[in-house]
Structures are given as C-alpha cells and as structure tokens.
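A.B. asks: Next comes model14.txt, compact mmCIF, C-alpha atoms and all ligand atoms:
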# COMPACT_ATOMS: atom_id res chain seq x y z
CA MET I 27 0.00 0.00 0.00
CA ASN I 28 2.93 2.25 0.46
CA GLU I 29 4.78 1.92 -2.80
CA ILE I 30 6.18 5.00 -4.49
CA THR I 31 4.98 5.66 -8.03
CA THR I 32 7.27 7.65 -10.28
CA GLY I 33 5.93 10.99 -11.34
CA THR I 34 6.90 14.40 -12.58
CA HIS I 35 7.84 17.37 -10.46
CA VAL I 36 7.02 20.85 -11.58
CA THR I 37 6.67 22.69 -8.29
CA ASP I 38 7.44 26.38 -8.13
CA ALA I 39 6.66 26.64 -4.42
CA GLU I 40 9.62 28.30 -2.68
CA PRO I 41 12.26 26.55 -4.83
CA ALA I 42 15.08 28.11 -2.81
CA LEU I 43 14.19 25.78 0.05
CA ALA I 44 14.41 22.60 -2.00
CA CYS I 45 16.85 20.29 -0.33
CA ALA I 46 19.19 17.87 -2.11
CA ARG I 47 18.60 15.36 0.69
CA ALA I 48 14.82 15.68 0.48
CA PRO I 49 12.73 12.52 0.52
CA VAL I 50 11.15 11.52 -2.79
CA GLY I 51 7.80 10.66 -1.32
CA LEU I 52 5.44 11.68 1.43
CA LEU I 53 2.96 9.14 2.70
CA ALA I 54 0.10 11.17 4.12
CA GLU I 55 -2.14 9.07 6.33
CA LEU I 56 -5.11 11.41 6.23
CA THR I 57 -7.18 9.33 8.64
CA HIS I 58 -7.19 5.95 10.34
CA ARG I 59 -10.93 5.64 9.69
CA CYS I 60 -11.75 2.82 7.27
CA PRO I 61 -14.91 0.79 6.70
CA LEU I 62 -12.83 -2.31 5.97
CA GLN I 63 -11.18 -4.42 8.65
CA CYS I 64 -8.26 -6.18 6.96
CA PRO I 65 -6.43 -8.42 9.41
CA TYR I 66 -3.05 -7.41 7.89
CA CYS I 67 -3.60 -3.65 8.02
CA SER I 68 -0.35 -1.71 8.46
CA ASN I 69 -2.01 0.88 10.70
CA PRO I 70 -0.99 0.70 14.37
CA LEU I 71 -2.99 -1.42 16.83
CA GLU I 72 -3.95 1.82 18.60
CA LEU I 73 -5.83 3.63 15.85
CA GLU I 74 -5.99 7.43 15.99
CA ARG I 75 -9.50 8.87 16.45
CA SER I 76 -10.99 11.43 14.08
CA ASN I 77 -10.98 14.20 16.70
CA VAL I 78 -7.15 14.35 16.67
CA GLU I 79 -6.77 14.47 12.88
CA LEU I 80 -5.02 17.41 11.22
CA THR I 81 -7.45 19.97 9.85
CA THR I 82 -7.79 20.83 6.18
CA ALA I 83 -5.64 23.94 6.61
CA GLU I 84 -2.98 21.98 8.48
CA TRP I 85 -2.72 19.36 5.72
CA GLN I 86 -2.59 22.09 3.09
CA ASP I 87 0.26 23.77 4.96
CA VAL I 88 2.13 20.46 5.27
CA ILE I 89 1.74 19.87 1.52
CA ARG I 90 3.14 23.31 0.69
CA GLN I 91 6.06 22.67 3.02
CA ALA I 92 6.64 19.26 1.40
CA ALA I 93 6.87 20.81 -2.08
CA ALA I 94 9.20 23.53 -0.80
CA LEU I 95 11.41 20.86 0.76
CA GLY I 96 11.75 19.16 -2.62
CA ILE I 97 9.41 16.19 -2.17
CA LEU I 98 8.16 14.93 -5.55
CA GLN I 99 5.22 12.67 -4.79
CA ILE I 100 2.41 12.54 -2.27
CA HIS I 101 0.59 9.32 -1.48
CA LEU I 102 -2.79 10.03 0.06
CA SER I 103 -3.46 7.08 2.27
CA GLY I 104 -5.07 6.03 5.51
CA GLY I 105 -7.04 4.20 6.73
CA GLU I 106 -9.30 5.14 3.89
CA PRO I 107 -8.44 8.65 2.61
CA THR I 108 -11.82 9.10 0.93
CA ALA I 109 -13.39 9.05 4.41
CA ARG I 110 -12.14 12.66 4.64
CA LYS I 111 -14.80 15.02 3.32
CA ASP I 112 -12.10 17.59 2.53
CA LEU I 113 -10.06 15.29 0.25
CA GLU I 114 -10.81 17.65 -2.65
CA ASP I 115 -9.23 20.62 -0.81
CA ILE I 116 -6.14 18.52 -0.11
CA VAL I 117 -5.78 17.21 -3.68
CA LYS I 118 -6.27 20.72 -5.06
CA VAL I 119 -3.31 22.11 -3.12
CA ALA I 120 -1.12 19.09 -3.87
CA ALA I 121 -1.75 19.61 -7.58
CA GLU I 122 -1.21 23.37 -7.34
CA VAL I 123 2.25 22.94 -5.82
CA GLY I 124 3.17 20.33 -8.44
CA LEU I 125 3.27 17.15 -6.39
CA TYR I 126 2.53 13.91 -8.24
CA THR I 127 -0.61 12.92 -6.38
CA ASN I 128 -1.48 9.30 -5.81
CA LEU I 129 -4.67 8.15 -4.11
CA ILE I 130 -4.27 4.86 -2.25
CA THR I 131 -7.79 3.63 -1.68
CA ALA I 132 -9.97 0.63 -0.96
CA GLY I 133 -12.50 2.32 -3.24
CA VAL I 134 -15.68 1.36 -1.41
CA LEU I 135 -16.66 4.92 -0.40
CA LEU I 136 -16.09 6.48 -3.84
CA THR I 137 -18.72 7.60 -6.31
CA LYS I 138 -18.01 8.19 -9.97
CA GLU I 139 -18.79 11.90 -9.57
CA ARG I 140 -16.37 12.26 -6.70
CA LEU I 141 -13.59 10.48 -8.55
CA LYS I 142 -14.17 12.66 -11.60
CA GLY I 143 -14.02 15.74 -9.38
CA LEU I 144 -10.71 14.60 -7.93
CA ALA I 145 -9.32 13.93 -11.41
CA ASP I 146 -10.45 17.40 -12.53
CA LEU I 147 -8.62 18.90 -9.55
CA GLY I 148 -5.36 17.25 -10.62
CA LEU I 149 -5.26 13.76 -9.11
CA ASP I 150 -2.56 11.89 -11.08
CA HIS I 151 -2.90 8.24 -10.16
CA VAL I 152 -5.08 5.73 -8.32
CA GLN I 153 -3.85 2.73 -6.41
CA LEU I 154 -6.75 0.41 -5.68
CA SER I 155 -6.44 -2.44 -3.19
CA ILE I 156 -8.20 -5.77 -3.50
CA GLN I 157 -8.41 -8.70 -1.10
CA ASP I 158 -8.99 -11.45 -3.69
CA VAL I 159 -10.65 -12.04 -7.07
CA ASP I 160 -13.02 -14.47 -5.40
CA ALA I 161 -15.63 -11.98 -4.21
CA ALA I 162 -16.90 -14.04 -1.26
CA ASN I 163 -13.39 -14.61 0.03
CA ALA I 164 -12.45 -10.96 -0.54
CA ASP I 165 -15.45 -9.75 1.44
CA ARG I 166 -14.67 -12.22 4.23
CA ILE I 167 -11.04 -11.04 4.48
CA ALA I 168 -12.07 -7.37 4.57
CA ALA I 169 -15.17 -8.07 6.71
CA TYR I 170 -17.12 -5.88 4.27
CA LYS I 171 -20.02 -7.22 2.22
CA GLY I 172 -20.15 -6.11 -1.39
CA GLY I 173 -16.63 -4.66 -1.28
CA ALA I 174 -15.24 -6.73 -4.14
CA ALA I 175 -18.08 -5.77 -6.48
CA LYS I 176 -17.70 -2.08 -5.64
CA LYS I 177 -13.96 -2.18 -6.26
CA HIS I 178 -14.58 -3.67 -9.70
CA GLU I 179 -16.87 -0.76 -10.49
CA VAL I 180 -14.31 1.76 -9.23
CA ALA I 181 -11.58 0.22 -11.40
CA GLY I 182 -13.84 0.81 -14.41
CA TRP I 183 -14.32 4.48 -13.48
CA VAL I 184 -10.58 5.01 -13.06
CA LYS I 185 -9.97 3.75 -16.59
CA GLU I 186 -12.92 5.69 -18.02
CA LEU I 187 -11.44 8.86 -16.56
CA GLY I 188 -8.09 8.08 -18.15
CA LEU I 189 -6.21 7.87 -14.86
CA PRO I 190 -3.32 5.41 -14.50
CA LEU I 191 -4.29 2.50 -12.25
CA THR I 192 -2.21 0.31 -9.97
CA LEU I 193 -3.86 -2.75 -8.46
CA ASN I 194 -2.58 -3.65 -5.04
CA ALA I 195 -3.09 -7.24 -3.90
CA PRO I 196 -1.57 -8.15 -0.54
CA LEU I 197 -0.87 -11.90 -0.63
CA HIS I 198 -1.18 -14.45 2.20
CA ARG I 199 -2.21 -18.02 2.80
CA GLN I 200 -5.93 -17.22 2.51
CA ASN I 201 -5.75 -15.85 -1.05
CA ILE I 202 -2.46 -17.22 -2.35
CA ASP I 203 -4.15 -19.80 -4.59
CA SER I 204 -5.80 -16.96 -6.53
CA LEU I 205 -2.55 -15.40 -7.71
CA GLU I 206 -2.87 -16.43 -11.36
CA ARG I 207 -6.43 -15.12 -11.48
CA ILE I 208 -5.38 -11.89 -9.76
CA ILE I 209 -2.79 -11.30 -12.49
CA GLU I 210 -5.37 -11.96 -15.22
CA TYR I 211 -7.81 -9.67 -13.43
CA ALA I 212 -5.26 -6.84 -13.36
CA VAL I 213 -4.88 -7.15 -17.15
CA GLU I 214 -8.64 -7.38 -17.67
CA ILE I 215 -9.37 -4.15 -15.78
CA GLY I 216 -6.55 -2.30 -17.55
CA ALA I 217 -4.18 -1.77 -14.63
CA GLY I 218 -0.72 -0.68 -15.74
CA ARG I 219 0.90 -2.01 -12.62
CA LEU I 220 0.16 -4.79 -10.16
CA GLU I 221 1.71 -4.85 -6.75
CA VAL I 222 1.73 -8.36 -5.31
CA ALA I 223 3.18 -7.97 -1.86
CA HIS I 224 3.41 -10.86 0.54
CA ILE I 225 2.32 -9.58 3.92
CA GLN I 226 4.91 -7.98 6.18
CA TYR I 227 4.45 -9.09 9.76
CA TYR I 228 4.08 -6.19 12.11
CA ALA I 229 1.06 -4.42 13.70
CA TRP I 230 -2.18 -6.23 12.77
CA ALA I 231 -0.40 -8.72 10.54
CA LEU I 232 1.85 -9.82 13.40
CA LYS I 233 -1.26 -10.45 15.53
CA ASN I 234 -2.65 -12.52 12.64
CA ARG I 235 0.59 -14.16 11.53
CA ALA I 236 -0.57 -17.74 11.99
CA ALA I 237 -3.72 -16.99 9.97
CA LEU I 238 -1.76 -15.33 7.15
CA MET I 239 1.57 -17.13 6.81
CA PRO I 240 1.81 -19.23 3.61
CA THR I 241 3.88 -22.39 3.47
CA ARG I 242 7.30 -22.21 1.84
CA GLU I 243 6.00 -24.46 -0.95
CA ALA I 244 3.07 -22.13 -1.65
CA PHE I 245 5.41 -19.14 -1.61
CA MET I 246 7.81 -20.80 -4.07
CA LYS I 247 4.89 -21.38 -6.46
CA THR I 248 4.13 -17.65 -6.41
CA VAL I 249 7.72 -16.87 -7.43
CA ASP I 250 7.32 -19.10 -10.45
CA ILE I 251 3.89 -17.69 -11.36
CA VAL I 252 5.11 -14.10 -11.13
CA ASN I 253 8.28 -14.76 -13.14
CA ARG I 254 6.28 -16.37 -15.95
CA ALA I 255 3.69 -13.59 -15.91
CA LYS I 256 6.34 -10.88 -16.01
CA GLU I 257 7.78 -12.44 -19.15
CA ARG I 258 4.39 -13.00 -20.79
CA LEU I 259 3.01 -9.56 -19.96
CA LYS I 260 6.00 -7.41 -20.89
CA GLY I 261 4.72 -4.06 -22.14
CA ILE I 262 1.21 -4.79 -20.82
CA LEU I 263 1.53 -5.04 -17.04
CA VAL I 264 4.36 -4.20 -14.67
CA ILE I 265 4.37 -6.56 -11.70
CA ASP I 266 6.06 -5.54 -8.45
CA PHE I 267 6.59 -8.57 -6.28
CA VAL I 268 7.45 -8.37 -2.58
CA VAL I 269 8.58 -11.66 -1.03
CA PRO I 270 7.76 -12.63 2.56
CA ASP I 271 10.63 -11.86 4.91
CA TYR I 272 10.32 -15.21 6.66
CA TYR I 273 11.40 -17.05 3.52
CA ALA I 274 13.99 -14.55 2.33
CA LYS I 275 17.78 -14.85 2.45
CA PHE I 276 18.37 -11.14 2.95
CA PRO I 277 15.97 -8.49 4.22
CA LYS I 278 14.53 -5.66 2.19
CA PRO I 279 15.88 -2.14 2.69
CA CYS I 280 12.87 -1.11 4.72
CA MET I 281 11.43 2.15 3.33
CA GLY I 282 14.53 2.26 1.09
CA GLY I 283 16.58 2.84 4.25
CA TRP I 284 15.55 4.73 7.39
CA GLY I 285 15.28 8.47 6.77
CA ARG I 286 16.51 8.19 3.18
CA GLY I 287 13.64 8.46 0.74
CA VAL I 288 10.22 8.55 2.37
CA MET I 289 8.49 10.22 5.27
CA ASN I 290 5.18 9.29 6.78
CA ILE I 291 2.71 11.58 8.55
CA THR I 292 0.05 10.11 10.82
CA PRO I 293 -3.51 11.51 10.92
CA SER I 294 -2.63 13.61 13.98
CA GLY I 295 0.53 15.03 12.39
CA ARG I 296 3.31 12.90 13.85
CA VAL I 297 6.15 12.52 11.36
CA LEU I 298 7.57 9.00 11.15
CA PRO I 299 10.46 7.45 9.22
CA CYS I 300 8.18 4.48 8.50
CA HIS I 301 4.53 3.77 9.14
CA ALA I 302 5.29 1.19 11.87
CA ALA I 303 7.89 3.29 13.70
CA GLU I 304 5.53 4.06 16.58
CA SER I 305 5.89 0.42 17.63
CA LEU I 306 9.46 1.20 18.76
CA PRO I 307 9.75 2.12 22.45
CA GLY I 308 11.70 5.12 23.69
CA MET I 309 11.35 7.07 20.45
CA SER I 310 9.90 10.57 20.27
CA PHE I 311 8.28 11.76 17.08
CA ASP I 312 7.98 15.41 16.09
CA ASN I 313 4.60 16.76 15.08
CA VAL I 314 3.97 19.13 12.16
CA ARG I 315 1.91 21.20 14.61
CA ASP I 316 5.12 22.02 16.51
CA ARG I 317 7.95 22.03 13.99
CA LYS I 318 8.60 22.65 10.30
CA LEU I 319 8.72 19.60 8.05
CA ALA I 320 12.22 20.39 6.73
CA GLU I 321 13.63 20.65 10.26
CA ILE I 322 12.00 17.37 11.25
CA TRP I 323 13.42 15.61 8.20
CA LEU I 324 16.93 16.98 8.60
CA ASP I 325 17.30 17.17 12.39
CA GLY I 326 14.48 15.19 14.00
CA ASP I 327 15.69 12.68 16.62
CA ALA I 328 13.59 9.88 15.20
CA PHE I 329 14.98 10.36 11.69
CA ASN I 330 18.60 10.50 12.84
CA LYS I 331 18.28 7.52 15.18
CA PHE I 332 18.77 4.85 12.49
CA ARG I 333 19.85 6.94 9.52
CA GLY I 334 22.95 5.72 7.68
CA THR I 335 25.03 2.90 9.18
CA ASP I 336 26.69 4.31 12.35
CA TRP I 337 24.05 2.82 14.66
CA MET I 338 24.66 -0.75 13.44
CA LYS I 339 25.89 -3.68 15.50
CA GLU I 340 27.51 -6.82 14.15
CA PRO I 341 26.93 -8.63 11.84
CA CYS I 342 25.56 -5.61 9.91
CA LYS I 343 28.36 -3.27 10.96
CA SER I 344 31.03 -5.03 8.91
CA CYS I 345 28.75 -6.52 6.25
CA SER I 346 29.23 -5.66 2.57
CA ARG I 347 25.45 -5.33 2.15
CA ARG I 348 25.02 -2.70 4.85
CA GLU I 349 24.38 0.09 2.35
CA ILE I 350 22.14 -2.13 0.22
CA ASP I 351 19.57 -3.24 2.78
CA PHE I 352 20.52 -1.04 5.76
CA GLY I 353 20.08 -3.97 8.12
CA GLY I 354 16.43 -4.56 7.14
CA CYS I 355 13.44 -3.45 9.18
CA ARG I 356 13.97 -1.80 12.58
CA CYS I 357 10.40 -2.50 13.66
CA GLN I 358 10.70 -6.18 12.83
CA ALA I 359 14.09 -6.35 14.57
CA PHE I 360 12.49 -4.91 17.70
CA ALA I 361 9.33 -7.03 17.53
CA LEU I 362 11.30 -10.26 17.22
CA THR I 363 14.52 -9.60 19.16
CA GLY I 364 13.57 -6.86 21.63
CA ASP I 365 16.28 -4.51 20.28
CA ALA I 366 15.61 -2.29 17.26
CA ALA I 367 19.36 -1.99 16.57
CA ASN I 368 19.76 -5.73 16.05
CA THR I 369 20.02 -7.29 12.61
CA ASP I 370 16.56 -7.98 11.22
CA PRO I 371 15.97 -11.75 11.72
CA ALA I 372 14.82 -11.86 8.09
CA CYS I 373 18.55 -11.90 7.30
CA SER I 374 20.15 -15.34 7.08
CA LEU I 375 23.22 -13.86 8.84
CA SER I 376 21.17 -13.04 11.94
CA PRO I 377 21.77 -15.55 14.77
CA LEU I 378 17.98 -15.70 15.19
CA HIS I 379 17.11 -16.35 11.56
CA ASP I 380 16.84 -20.16 11.64
CA GLU I 381 14.68 -20.21 14.75
CA TRP I 382 12.46 -17.58 13.23
CA ALA I 383 12.09 -19.35 9.88
CA LYS I 384 11.15 -22.50 11.81
CA VAL I 385 8.23 -20.66 13.41
CA ALA I 386 6.96 -19.72 9.95
CA GLY I 387 7.25 -23.33 8.81
CA LEU I 388 5.27 -24.59 11.80
CA GLU I 389 2.54 -21.93 11.78
CA SER I 390 1.95 -22.18 8.06
CA HIS I 391 1.20 -25.90 8.31
CA GLU I 392 -1.26 -25.62 11.17
CA THR I 393 -4.98 -24.92 10.78
CA PRO I 394 -5.25 -21.11 10.52
CA PRO I 395 -6.86 -19.46 13.55
CA ASP I 396 -9.74 -16.99 13.18
CA PHE I 397 -8.80 -13.50 12.04
CA ILE I 398 -8.37 -10.72 14.55
CA TYR I 399 -10.05 -7.98 12.56
CA ARG I 400 -8.64 -4.46 12.42
CA ARG I 401 -10.95 -2.11 14.28
CA VAL I 402 -10.81 0.27 17.20
CA GLY I 403 -10.34 -1.91 20.26
CA GLY I 404 -10.37 -4.93 17.96
CA ALA I 405 -7.24 -6.85 18.96
CA LYS I 406 -9.36 -9.81 19.93
CA VAL I 407 -11.07 -12.54 17.93
CA VAL I 408 -14.46 -11.41 16.65
CA GLU I 409 -16.82 -12.42 13.90
CA PRO I 410 -16.78 -10.14 10.82
CA ALA I 411 -19.67 -7.73 10.34
CA GLY I 412 -22.61 -8.96 8.37
CA GLU I 413 -21.99 -12.69 8.85
S1 LIG V 501 -5.47 -2.41 4.84
FE1 LIG V 501 -7.71 -2.68 4.82
S2 LIG V 501 -8.39 -1.97 6.86
FE2 LIG V 501 -6.28 -1.17 6.54
S3 LIG V 501 -6.60 0.84 5.68
FE3 LIG V 501 -6.35 -0.56 3.96
S4 LIG V 501 -8.44 -1.16 3.40
FE4 LIG V 501 -8.56 -0.24 5.44
S1 LIG V 502 24.02 -8.68 8.13
FE1 LIG V 502 22.88 -6.78 8.10
S2 LIG V 502 23.70 -5.60 6.38
FE2 LIG V 502 24.38 -7.74 6.11
S3 LIG V 502 22.84 -8.68 4.79
FE3 LIG V 502 22.18 -9.07 6.91
S4 LIG V 502 20.82 -7.36 7.41
FE4 LIG V 502 21.96 -6.77 5.57
I'd like the structure from this file rewritten - as structure tokens, please.
Ligand code: SF4
Ligand code: SF4
C.D. replies:
Amino acid sequence: MNEITTGTHVTDAEPALACARAPVGLLAELTHRCPLQCPYCSNPLELERSNVELTTAEWQDVIRQAAALGILQIHLSGGEPTARKDLEDIVKVAAEVGLYTNLITAGVLLTKERLKGLADLGLDHVQLSIQDVDAANADRIAAYKGGAAKKHEVAGWVKELGLPLTLNAPLHRQNIDSLERIIEYAVEIGAGRLEVAHIQYYAWALKNRAALMPTREAFMKTVDIVNRAKERLKGILVIDFVVPDYYAKFPKPCMGGWGRGVMNITPSGRVLPCHAAESLPGMSFDNVRDRKLAEIWLDGDAFNKFRGTDWMKEPCKSCSRREIDFGGCRCQAFALTGDAANTDPACSLSPLHDEWAKVAGLESHETPPDFIYRRVGGAKVVEPAGE
C-alpha cells in the first residue's frame, strides 16, 4: 500500500528551500478511519480517532512545506483517505504545488462523480487495493459485504477517466491460490501495474501471523507464477513482487533505508520514518503542529536515530550489504529480538534467523486461527460484520 509511483515534479513553491537530501515521497495518512477491517492492516494497533486528525488547513500547509522541501510525490493514504470530506481541498493544493498525487484507496466509499471531481482537480494516479478475485473470500477477508463488487466498479471508473491504475493485492495463505487469477484480473481491468506484496508481519499482521503465513511451498509457487507472468506480460503489465521476509535470504531495505527516501505523517501530524515506527519504544516523534517539516526531516531525533550505518551492530556493521539493505526493518528487529538496533531476523546472517524461519514453517502448516479484525479496540477474535 505504500509503494512509491514515479511521477513528474514541476513545483514552483519556494524553490530556494528545495533540499538535495529531500525525501522523494510523502505518505500522508489522512485518517485511520476505514470501513474495511483487513487483518493485515499496516495501521498501528492503537488507531488514531478522528478528533485528533489534522485539519484541512494543516494538511494544506504540510503539503506546501513538502513541495518547498523538494518532495516529488504525495501518497494520500489512511485508513481510507476518501473518508475525509475535505479530500478535494487537499488534492487541489497538492496539484497546485506540483506534487505527483497518488490516491491509495480501498474504493468502497467512492462515487463516480467524486472520482471525476478529484481527477479534474489534478489527481494523477489511483492505487486500488483488492483482497482477492473471489468476491466471497475478498469480502470475508475485509469483513465488508459487497466490497469486491464495488472495487470492480471503481476500477472501471478510473480507466474511463483516463487515470493510471495500480492494483494492489496483498498476498497471504488465505488468497495465495488466486494469484494467477489476480494477475489476469489486473490485465482485464486495464491496470498498468500490479503490486503483489506478501504480507509484512508487524502491527495487525503480526497479531494474525498464523492466519496469514503461507507455506514455503506455496510461496515458491508464487515466485514461479510471477516470473512467468512478467515475461508474458512485458509491455502490458508491470508486476512488483514483494517476497515474505520469513522465507527470504536477505531483508529488504525497509522504506529504502531509514530516513533516506520517504516520510510518513500520521492523521494527527506525527512525522515518522516508517509507518510502523511508533511500535518502537523510547522514540519521540515530532509533530507538524510544533515544527517545520524540513527541520524534522533533517534534524528530528527519530529520523537520525537509524539513519545511515553508524548505529549498526555486528553482523551488519562489517557486512558488505550494509548500504544495500541497511540492516532490514527496525520495527521487525524490535518485535522479534527486543532490540531495534539488532540485525533484522529476516537476514540469514542473523543468529535468530533459523529459529524464526522454523516458526513460519510450523505456523503455516497448522490450521489457521480466526482472524483478529482491524478495528478500534479490535485486537481480539471477533466475527466479521454482516456474517
Ligand atoms: S489495509 Fe484494509 S483496513 Fe487497513 S486501511 Fe487498507 S483497506 Fe482499510
Ligand atoms: S548482516 Fe545486516 S547488512 Fe548484512 S545482509 Fe544481513 S541485514 Fe543486511
């Protein structure tokens, strides 16, 4: 949900402030409100309430500061960003200052008129998430009846309006068998890009790991399916494939490296180096209500904490890959080892890697437990709405 889409940059907002070290992208979590309840949601377990959200004027100010800093792209996300009634006012300013504006949406709250209005205001791109191509399974995963059908309709509107479309399909053991059909579906609806990301296990997904973890054999099949599809669909569909950490040899450079390319702002204005960073204890995060965005990016404690490689311990410290993957994910390192400065156990060089991979092997072969659905106060097993 948080992928960066390449765009153009034509801002003329305070160009003198543009910073060579500026992040490429800003992930703006406009709200944590969302009618869906995906059990792998990357939002924190403690969701922010609507009464603490930044106001329209505050978001507009942040967007102007982002353009002045030299940021190129804004990803309007959530929760569900279309739950904000002032989305139009936010998109308008983003377009005015020349940011490439991407709407990351589950689609279920949109109308055709609203989408057209957003396109007229300068929206550049839509990233639509799906849970599965099997509508009943999709609605079960999201705990939202009729969601799959609505998303199909929205995809049609996006194409009718001539907007580029990315389909986002998080993959896990409860939809993994649909991968081939998901790829065909992306072609059928005219998406230019398909993001097939195996779930990353933190926040809600960590709570639901046993329900979501695919077997190694099932994962290996997806590698083969994606490789064949990439070859077959050259020039028709770009497929971005994110492998599950538990079956990887080396970790991913989380967020392209801490404090290197992306910044994330929560609904209440806290500025994070990654959307899960609030799970780390002892960190303090600046708020756009108190400090300028450029200062936070360049000098904020949270951004400098794990920036670069000086903070590393062995084996990362002397590893030749340290500037390739930056030691992996800090949040995962903390969640699984208790120390955010440890090597991410996704790395085969971590002393904890084998033990960790074993857990994945065991969980993925057991009967999956019920989902713990994402909702305020929802970190307990409950039946989905409407069942
Ligand atoms: S992952 Fe699901 S629940 Fe979370 S914001 Fe996206 S659509 Fe909503
Ligand atoms: S030891 Fe650290 S730097 Fe080296 S590959 Fe593993 S995570 Fe990356």
A.B. asks: Write out as JSON, numbers by chain each polymer residue (protein, DNA or RNA) that has an atom no more than 6 Å from ligand LIG 502 (chain V), with all atoms listed in the file counted.
C.D. replies: {"I": [276, 277, 341, 342, 345, 347, 348, 351, 352, 353, 354, 369, 370, 373, 375]}
A.B. asks: Would you mind listing the residues within 6 Å of ligand LIG 501 (chain V), counting all atoms listed in the file, as a list in words?
C.D. replies: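 Residues lying within 6 Å of ligand LIG 501 (chain V): Cys60, Leu62, Gln63, Cys64, Cys67, Gly104, Gly105, Glu106 and Ala132 of chain I.
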A.B. asks: Restricting it to C-alpha atoms, dump the selection as a PDB file, in the frame of the given file.
C.D. replies:
ATOM      1  CA  CYS I  60     -11.750   2.820   7.270  1.00  0.00           C
ATOM      2  CA  LEU I  62     -12.830  -2.310   5.970  1.00  0.00           C
ATOM      3  CA  GLN I  63     -11.180  -4.420   8.650  1.00  0.00           C
ATOM      4  CA  CYS I  64      -8.260  -6.180   6.960  1.00  0.00           C
ATOM      5  CA  CYS I  67      -3.600  -3.650   8.020  1.00  0.00           C
ATOM      6  CA  GLY I 104      -5.070   6.030   5.510  1.00  0.00           C
ATOM      7  CA  GLY I 105      -7.040   4.200   6.730  1.00  0.00           C
ATOM      8  CA  GLU I 106      -9.300   5.140   3.890  1.00  0.00           C
ATOM      9  CA  ALA I 132      -9.970   0.630  -0.960  1.00  0.00           C
TER      10      ALA I 132
END
A.B. asks: Which distance in Å separates CA of Tyr170 (chain I) and CA of Pro394 (chain I), to one decimal?
C.D. replies: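 For CA of Tyr170 (chain I) relative to CA of Pro394 (chain I), the distance reads 20.3 Å.
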A.B. asks: Using CA of Ala168 (chain I) and CA of Ile202 (chain I) as the two end points, give the distance in Å to one decimal.
C.D. replies: 15.4 Å
A.B. asks: Using CA of Val222 (chain I) and CA of Lys275 (chain I) as the two end points, give the distance in Å to one decimal.
C.D. replies: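 The value is 19.0 Å.
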A.B. asks: Can you pull out the residues contacting Ala372 (chain I)? Cut-off 12 Å, using all atoms listed in the file, and skip same-chain residues under 5 positions away; I want them as a PyMOL selection string.
C.D. replies: chain I and resi 226-227+269-280+351+353-359+361-363+377-384+386
A.B. asks: Name the closest residue to Asn128 (chain I) among the candidates I:Val152, I:Ala109, I:Val314, I:Ile89; distances are taken between atoms, counting only C-alpha atoms.
C.D. replies: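 The shortest atom-to-atom distance to Asn128 (chain I) comes from I:Val152.
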A.B. asks: The residues within 12 Å of (-9.5, 19.3, -8.3), using all atoms listed in the file and the coordinates of the file, should be reported as a VMD selection string; which are they?
C.D. replies: chain I and resid 112 to 122 127 139 to 150
